[in-house]
$ cat data-v2.csv   # CSV, C-alpha atoms
chain,number,residue,atom,x,y,z
A,1,MET,CA,10.5,131.0,-66.2
A,2,LYS,CA,8.9,130.2,-62.9
A,3,ILE,CA,5.7,128.3,-62.6
A,4,PHE,CA,2.8,130.3,-61.3
A,5,HIS,CA,-0.6,129.2,-59.8
A,6,CYS,CA,-4.0,130.8,-59.3
A,7,ASP,CA,-4.5,131.8,-55.7
A,8,HIS,CA,-8.2,130.8,-55.9
A,9,CYS,CA,-8.2,127.4,-57.6
A,10,GLY,CA,-4.5,126.4,-57.9
A,11,ASN,CA,-4.6,126.2,-61.7
A,12,LEU,CA,-1.4,126.6,-63.6
A,13,LEU,CA,-0.7,130.1,-64.8
A,14,PHE,CA,1.8,131.3,-67.4
A,15,PHE,CA,3.8,134.5,-67.5
A,16,GLU,CA,1.5,136.1,-70.1
A,17,ASN,CA,-1.9,135.1,-68.6
A,18,THR,CA,-4.5,137.7,-67.9
A,19,LEU,CA,-7.2,135.2,-66.9
A,20,CYS,CA,-7.3,131.9,-65.0
A,21,LEU,CA,-8.9,129.6,-67.5
A,22,ALA,CA,-10.1,127.3,-64.7
A,23,CYS,CA,-12.0,129.7,-62.4
A,24,GLY,CA,-12.2,132.8,-64.5
A,25,HIS,CA,-10.4,135.1,-62.0
A,26,GLN,CA,-8.5,138.1,-63.4
A,27,VAL,CA,-4.7,137.7,-63.1
A,28,ALA,CA,-1.7,139.9,-63.5
A,29,TYR,CA,2.0,140.0,-62.9
A,30,LEU,CA,2.8,141.7,-59.7
A,31,PRO,CA,6.4,143.1,-60.0
A,32,ASP,CA,6.8,143.8,-56.3
A,33,VAL,CA,6.4,140.1,-55.4
A,34,THR,CA,7.6,138.8,-58.9
A,35,LEU,CA,4.5,136.6,-59.3
A,36,VAL,CA,1.6,136.1,-61.7
A,37,ALA,CA,-1.3,136.1,-59.3
A,38,SER,CA,-5.1,136.3,-59.2
A,39,LEU,CA,-6.8,139.5,-58.3
A,40,THR,CA,-9.9,140.5,-56.5
A,41,PRO,CA,-11.7,143.8,-57.5
A,42,ALA,CA,-11.5,146.6,-55.0
A,43,ASP,CA,-12.6,150.2,-55.3
A,44,GLU,CA,-12.3,152.6,-58.2
A,45,GLY,CA,-10.4,150.5,-60.6
A,46,ARG,CA,-8.1,149.0,-58.0
A,47,TRP,CA,-7.4,145.3,-57.2
A,48,SER,CA,-6.1,143.3,-54.3
A,49,SER,CA,-4.1,140.2,-54.1
A,50,PRO,CA,-4.0,137.5,-51.4
A,51,GLN,CA,-0.2,136.9,-52.0
A,52,LYS,CA,2.0,137.3,-49.0
A,53,GLY,CA,4.0,140.5,-49.2
A,54,ALA,CA,1.8,142.0,-51.9
A,55,ALA,CA,0.9,145.7,-51.9
A,56,PRO,CA,-2.4,146.7,-50.3
A,57,SER,CA,-3.8,147.4,-53.8
A,58,TYR,CA,-2.9,147.5,-57.4
A,59,ARG,CA,-4.0,149.2,-60.7
A,60,LEU,CA,-3.6,147.6,-64.1
A,61,CYS,CA,-1.2,149.0,-66.6
A,62,ARG,CA,-2.9,151.2,-69.2
A,63,ASN,CA,-1.7,148.9,-71.9
A,64,TYR,CA,-3.5,146.1,-70.1
A,65,THR,CA,-6.8,147.9,-69.8
A,66,ASP,CA,-6.9,149.9,-73.0
A,67,GLU,CA,-4.7,147.9,-75.5
A,68,GLN,CA,-4.6,144.3,-74.2
A,69,VAL,CA,-0.9,144.0,-74.9
A,70,CYS,CA,0.3,143.9,-71.3
A,71,ASN,CA,-0.6,141.9,-68.1
A,72,TRP,CA,1.4,143.8,-65.5
A,73,ALA,CA,0.0,145.5,-62.4
A,74,ILE,CA,1.2,148.7,-60.7
A,75,PRO,CA,1.5,148.6,-56.9
A,76,GLU,CA,-0.2,151.2,-54.7
A,77,GLY,CA,1.9,154.3,-54.3
A,78,ASP,CA,3.1,154.3,-57.9
A,79,GLU,CA,0.7,156.6,-59.8
A,80,HIS,CA,2.2,156.2,-63.3
A,81,ALA,CA,-0.3,155.1,-65.9
A,82,PHE,CA,2.1,152.4,-67.3
A,83,CYS,CA,3.9,149.5,-65.7
A,84,LEU,CA,7.6,149.2,-65.2
A,85,SER,CA,8.0,147.4,-68.5
A,86,CYS,CA,5.8,149.5,-70.7
A,87,ARG,CA,7.5,152.7,-69.5
A,88,LEU,CA,10.6,151.6,-71.3
A,89,THR,CA,8.8,151.7,-74.7
A,90,LEU,CA,9.2,155.1,-76.5
A,91,ILE,CA,7.8,154.3,-79.9
A,92,ILE,CA,5.3,151.8,-81.1
A,93,PRO,CA,4.1,151.1,-84.7
A,94,ASP,CA,0.9,152.6,-86.3
A,95,LEU,CA,-1.9,150.6,-84.7
A,96,ALA,CA,-4.3,151.3,-87.5
A,97,ASP,CA,-2.7,148.3,-89.2
A,98,PRO,CA,-3.9,145.1,-87.3
A,99,VAL,CA,-0.6,143.4,-88.3
A,100,HIS,CA,1.3,146.1,-86.4
A,101,ARG,CA,-0.8,145.6,-83.3
A,102,GLN,CA,-0.1,141.8,-83.3
A,103,ALA,CA,3.6,142.6,-83.8
A,104,TRP,CA,3.6,145.1,-80.9
A,105,TYR,CA,2.0,142.5,-78.6
A,106,ARG,CA,4.7,140.0,-79.4
A,107,LEU,CA,7.4,142.5,-78.9
A,108,GLU,CA,6.1,143.6,-75.5
A,109,VAL,CA,5.8,139.9,-74.4
A,110,ALA,CA,9.5,139.4,-75.2
A,111,LYS,CA,10.5,142.7,-73.5
A,112,ARG,CA,8.6,141.7,-70.3
A,113,ARG,CA,10.5,138.5,-70.2
A,114,LEU,CA,13.8,140.4,-70.6
A,115,VAL,CA,12.8,142.9,-67.9
A,116,PHE,CA,11.8,140.0,-65.5
A,117,THR,CA,15.4,138.5,-65.8
A,118,LEU,CA,17.2,141.9,-65.6
A,119,ARG,CA,15.3,142.7,-62.4
A,120,ALA,CA,15.9,139.2,-61.0
A,121,LEU,CA,19.7,139.7,-61.5
A,122,GLY,CA,19.6,143.0,-59.7
A,123,LEU,CA,20.8,145.0,-62.7
A,124,PRO,CA,20.2,148.8,-62.8
A,125,LEU,CA,17.0,149.4,-64.9
A,126,ARG,CA,16.1,153.0,-65.3
A,127,ASN,CA,13.8,154.4,-67.9
A,128,ARG,CA,14.1,157.7,-69.8
A,129,GLU,CA,11.9,159.5,-67.4
A,130,GLU,CA,14.1,158.5,-64.5
A,131,ASP,CA,17.4,159.1,-66.3
A,132,PRO,CA,17.0,161.0,-69.6
A,133,ALA,CA,20.7,160.6,-70.5
A,134,LYS,CA,21.4,157.0,-69.6
A,135,GLY,CA,18.0,155.3,-69.1
A,136,LEU,CA,17.1,152.2,-71.2
A,137,ALA,CA,14.5,152.7,-73.9
A,138,PHE,CA,12.9,150.6,-76.7
A,139,GLU,CA,11.6,151.7,-80.1
A,140,PHE,CA,9.4,149.3,-82.1
A,141,LYS,CA,9.4,150.6,-85.7
A,142,ALA,CA,8.0,149.4,-89.1
A,143,ASP,CA,9.8,149.8,-92.3
A,144,PRO,CA,8.6,153.0,-94.1
A,145,GLY,CA,7.0,152.6,-97.5
A,146,GLY,CA,8.8,153.3,-100.8
A,147,PRO,CA,11.7,151.5,-102.5
A,148,VAL,CA,14.3,154.2,-101.8
A,149,VAL,CA,13.8,154.5,-98.1
A,150,GLU,CA,16.1,152.5,-95.9
A,151,SER,CA,14.7,149.7,-93.7
A,152,VAL,CA,14.6,150.0,-90.0
A,153,MET,CA,17.8,148.5,-88.5
A,154,THR,CA,17.5,146.4,-85.4
A,155,GLY,CA,20.2,147.5,-82.9
A,156,HIS,CA,21.3,149.7,-80.0
A,157,ALA,CA,22.5,153.3,-79.9
A,158,MET,CA,22.9,155.5,-76.8
A,159,GLY,CA,20.6,153.5,-74.6
A,160,VAL,CA,17.9,153.0,-77.2
A,161,ILE,CA,17.1,149.5,-78.5
A,162,THR,CA,15.4,149.6,-81.8
A,163,ILE,CA,13.6,146.5,-83.1
A,164,ASN,CA,12.1,146.2,-86.6
A,165,ILE,CA,8.6,144.9,-86.1
A,166,ALA,CA,9.1,142.6,-89.2
A,167,GLU,CA,11.1,140.4,-86.7
A,168,ALA,CA,7.7,139.6,-85.0
A,169,ASP,CA,6.6,137.8,-88.2
A,170,ASP,CA,7.7,134.2,-87.8
A,171,ALA,CA,8.3,133.5,-91.5
A,172,GLU,CA,10.2,136.7,-92.1
A,173,ARG,CA,12.4,136.2,-89.0
A,174,GLU,CA,13.1,132.6,-90.1
A,175,ARG,CA,14.1,133.9,-93.5
A,176,ARG,CA,16.5,136.4,-91.9
A,177,ARG,CA,17.8,133.8,-89.5
A,178,MET,CA,18.8,131.5,-92.3
A,179,GLU,CA,20.2,134.3,-94.4
A,180,MET,CA,22.3,135.7,-91.6
A,181,GLY,CA,23.2,132.3,-90.1
A,182,GLU,CA,22.0,133.2,-86.6
A,183,PRO,CA,20.4,130.2,-84.8
A,184,TYR,CA,19.3,132.3,-81.8
A,185,ARG,CA,17.4,134.9,-83.9
A,186,THR,CA,14.3,135.3,-81.8
A,187,LEU,CA,12.5,138.4,-80.5
A,188,LEU,CA,13.8,137.7,-77.0
A,189,GLY,CA,17.2,136.8,-78.4
A,190,HIS,CA,17.4,140.2,-80.1
A,191,MET,CA,16.5,142.0,-76.9
A,192,ARG,CA,19.0,140.0,-74.8
A,193,HIS,CA,21.8,140.7,-77.3
A,194,GLU,CA,21.0,144.5,-77.6
A,195,SER,CA,20.7,144.8,-73.8
A,196,GLY,CA,24.2,143.5,-73.7
A,197,HIS,CA,25.4,146.6,-75.6
A,198,TYR,CA,23.4,148.8,-73.2
A,199,TYR,CA,24.9,147.2,-70.1
A,200,TRP,CA,28.4,147.4,-71.6
A,201,ASP,CA,28.0,151.1,-71.6
A,202,GLN,CA,26.6,151.1,-68.1
A,203,LEU,CA,28.9,148.7,-66.4
A,204,ILE,CA,32.2,148.5,-68.4
A,205,HIS,CA,32.8,151.7,-70.5
A,206,ASP,CA,35.5,153.9,-68.8
A,207,GLN,CA,35.1,151.9,-65.6
A,208,PRO,CA,37.5,149.5,-63.7
A,209,PRO,CA,36.2,146.3,-65.4
A,210,LEU,CA,37.4,147.6,-68.8
A,211,GLU,CA,40.9,146.2,-68.5
A,212,ARG,CA,39.6,142.8,-67.6
A,213,PHE,CA,37.1,143.0,-70.5
A,214,ARG,CA,40.0,143.6,-73.0
A,215,GLN,CA,41.8,140.6,-71.6
A,216,LEU,CA,38.8,138.4,-72.2
A,217,PHE,CA,37.2,139.8,-75.3
A,218,GLY,CA,39.8,142.0,-77.0
A,219,ASP,CA,40.4,145.7,-77.7
A,220,GLU,CA,37.0,147.3,-78.4
A,221,GLN,CA,38.9,150.3,-79.9
A,222,ILE,CA,39.4,148.6,-83.2
A,223,ASP,CA,37.3,150.1,-86.0
A,224,TYR,CA,33.8,148.6,-85.4
A,225,GLY,CA,32.4,149.4,-88.9
A,226,ALA,CA,35.4,147.9,-90.7
A,227,ALA,CA,35.3,144.8,-88.5
A,228,LEU,CA,31.6,144.2,-89.4
A,229,LYS,CA,32.3,144.7,-93.1
A,230,THR,CA,35.1,142.1,-92.9
A,231,HIS,CA,32.9,139.7,-91.0
A,232,TYR,CA,30.1,139.9,-93.6
A,233,ALA,CA,32.5,139.7,-96.5
A,234,GLN,CA,34.7,136.9,-95.2
A,235,GLY,CA,32.6,135.2,-92.5
A,236,ALA,CA,33.8,133.9,-89.2
A,237,PRO,CA,37.2,132.3,-88.8
A,238,GLY,CA,37.3,128.6,-89.3
A,239,ASP,CA,38.0,127.9,-85.6
A,240,TRP,CA,35.3,130.2,-84.2
A,241,GLN,CA,33.6,127.3,-82.3
A,242,THR,CA,36.7,126.9,-80.1
A,243,ARG,CA,36.9,130.6,-79.2
A,244,PHE,CA,33.4,132.2,-79.4
A,245,VAL,CA,29.9,131.4,-78.4
A,246,SER,CA,28.6,132.2,-81.9
A,247,ALA,CA,29.9,133.0,-85.3
A,248,TYR,CA,28.7,136.6,-85.0
A,249,ALA,CA,30.7,137.0,-81.7
A,250,SER,CA,33.9,136.8,-83.7
A,251,ALA,CA,33.1,140.0,-85.6
A,252,HIS,CA,34.2,142.5,-82.9
A,253,PRO,CA,34.8,142.5,-79.1
A,254,TRP,CA,31.6,144.4,-78.6
A,255,GLU,CA,29.7,141.7,-80.4
A,256,ASP,CA,31.5,139.0,-78.5
A,257,TRP,CA,30.4,140.6,-75.3
A,258,ALA,CA,26.8,141.1,-76.4
A,259,GLU,CA,26.5,137.5,-77.7
A,260,THR,CA,28.1,136.1,-74.5
A,261,TRP,CA,25.7,138.3,-72.4
A,262,ALA,CA,22.7,137.0,-74.4
A,263,HIS,CA,23.8,133.4,-74.0
A,264,TYR,CA,24.3,133.9,-70.3
A,265,LEU,CA,20.7,135.1,-70.1
A,266,HIS,CA,19.6,132.2,-72.2
A,267,MET,CA,21.2,129.8,-69.7
A,268,VAL,CA,19.7,131.7,-66.6
A,269,ASP,CA,16.2,131.4,-68.1
A,270,THR,CA,16.8,127.7,-69.1
A,271,LEU,CA,18.0,126.8,-65.6
A,272,GLU,CA,15.1,128.7,-63.9
A,273,THR,CA,12.7,126.8,-66.1
A,274,ALA,CA,14.3,123.5,-65.3
A,275,ALA,CA,14.4,124.2,-61.6
A,276,ALA,CA,10.6,125.0,-61.6
A,277,GLN,CA,9.7,121.7,-63.2
A,278,PRO,CA,9.0,118.7,-60.9
A,279,VAL,CA,11.4,116.0,-61.9
A,280,GLY,CA,10.9,112.5,-60.5
A,281,SER,CA,13.3,109.6,-60.2
A,282,LEU,CA,13.6,107.1,-63.0
A,283,ASN,CA,13.3,103.3,-62.8
A,284,ARG,CA,15.5,100.9,-64.7
A,285,ASP,CA,13.4,101.2,-67.8
A,286,GLY,CA,13.7,104.9,-67.9
A,287,ALA,CA,10.1,105.6,-66.9
A,288,SER,CA,9.3,108.4,-64.5
A,289,GLN,CA,8.2,107.2,-61.0

$ encode --input "data-v2.csv" --output "C-alpha cells"
Amino acid sequence: MKIFHCDHCGNLLFFENTLCLACGHQVAYLPDVTLVASLTPADEGRWSSPQKGAAPSYRLCRNYTDEQVCNWAIPEGDEHAFCLSCRLTLIIPDLADPVHRQAWYRLEVAKRRLVFTLRALGLPLRNREEDPAKGLAFEFKADPGGPVVESVMTGHAMGVITINIAEADDAERERRRMEMGEPYRTLLGHMRHESGHYYWDQLIHDQPPLERFRQLFGDEQIDYGAALKTHYAQGAPGDWQTRFVSAYASAHPWEDWAETWAHYLHMVDTLETAAAQPVGSLNRDGASQ
C-alpha cells in the first residue's frame, strides 16, 4: 500500500484513516486521485481537497457518515449515496449484534484494499447496478442458528463473492487456517482468491486466452466436485511444491488459477509497500545510514 500524508500538517496517514491524529483534520480516500487526503468543509455536506487533480468537491459515503465502516469519498458529479467500494456489497449481517458490526467493518476494510488494487491494475470493475448479469458483488453473511442448518460457505458463484463473517474473528479464522492447512487464510486473502474466480469468468471463459490457460493450468472441464472430494480425501500430491503455488492449487485448474491470481495480488501489494518505504544504504556493520 502507498504511504499517504496529511495535506495540512504532513503527518503520516494510513489507508483506513478518517482523521489526522496530529492536526485533527477529517480525511478520506479520494478514488479519483487514488489518495488518502485531508478535507476542508464546504457547503451542504460537501468537502474540498487541496490535492492536485482532485474534484471540485466531494461527499462522504453513507457508510462513512452513518455507519463509520467506510472512509471513502464520492467525487462531484456522482450522486450515488455509496462509494465505489460499498456499492459492491449486496448483503450485510444483522447489525443488531455488535459482533456483526465489527465483522462487517473488517470485511469492508479488506474489500477496499482489494478494490484499490483491482482499479490500479485497470481491471474491469462493474457493480450489479451497472451490469446486473456480470457485475461483481459481495455478500457478507452470518451462520444461521440451529444445529441442522448448513453453515454459510465462503466462495464465488455467478459473480457473487460470499464471505462467512466468522472469518472476521481472528481466533476462528486461525482455527480454520490450521484445520485446512491454508497459510494465506486472511480476509484479504479470501477476497483475492475469490476475485480470481470472478475474473476467470470475465477474462478467460469462452475467450481466446482459454487455450493458453489450459496449457498452463490444465483442463478446467474435469469434474470440479469430484476433484475437490479427492483433494480433501487424499491431500495434495507429494511434489505439489514444485508445480503449484499452494497445496490447494493442486485440487483443480480453477483453484490453481485462483490461487495463482491471489498470490500475484499478494506480490503486487508487497512490492508497492516496499517501494513506498524509504530505504537507506547500509554501512559495513549493517546499520542504516

$ closest_residue --input "data-v2.csv" --among "A:Gln277, A:Ser195, A:Thr65, A:Gln102" --to "Gly45 (chain A)" --atoms "only C-alpha atoms"
A:Thr65

$ atom_distance --input "data-v2.csv" --atom1 "CA of Asp43 (chain A)" --atom2 "CA of Phe14 (chain A)"
26.7 Å

$ atom_distance --input "data-v2.csv" --atom1 "CA of Cys83 (chain A)" --atom2 "CA of Pro31 (chain A)"
8.9 Å

$ closest_residue --input "data-v2.csv" --among "A:Ile222, A:Leu114, A:Ala54, A:Ala137" --to "Val36 (chain A)" --atoms "all atoms listed in the file"
A:Ala54

$ closest_residue --input "data-v2.csv" --among "A:Ser85, A:Asn164, A:Thr40, A:Gln241" --to "Asp143 (chain A)" --atoms "only C-alpha atoms"
A:Asn164

$ residues_around --input "data-v2.csv" --residues "Phe140 (chain A)" --least-positions-apart "2" --cutoff "8 Å" --atoms "only C-alpha atoms" --output "number ranges by chain"
A: 89, 91-93, 104, 107, 138, 142, 162-165

$ atom_distance --input "data-v2.csv" --atom1 "CA of Glu255 (chain A)" --atom2 "CA of Glu172 (chain A)"
23.3 Å
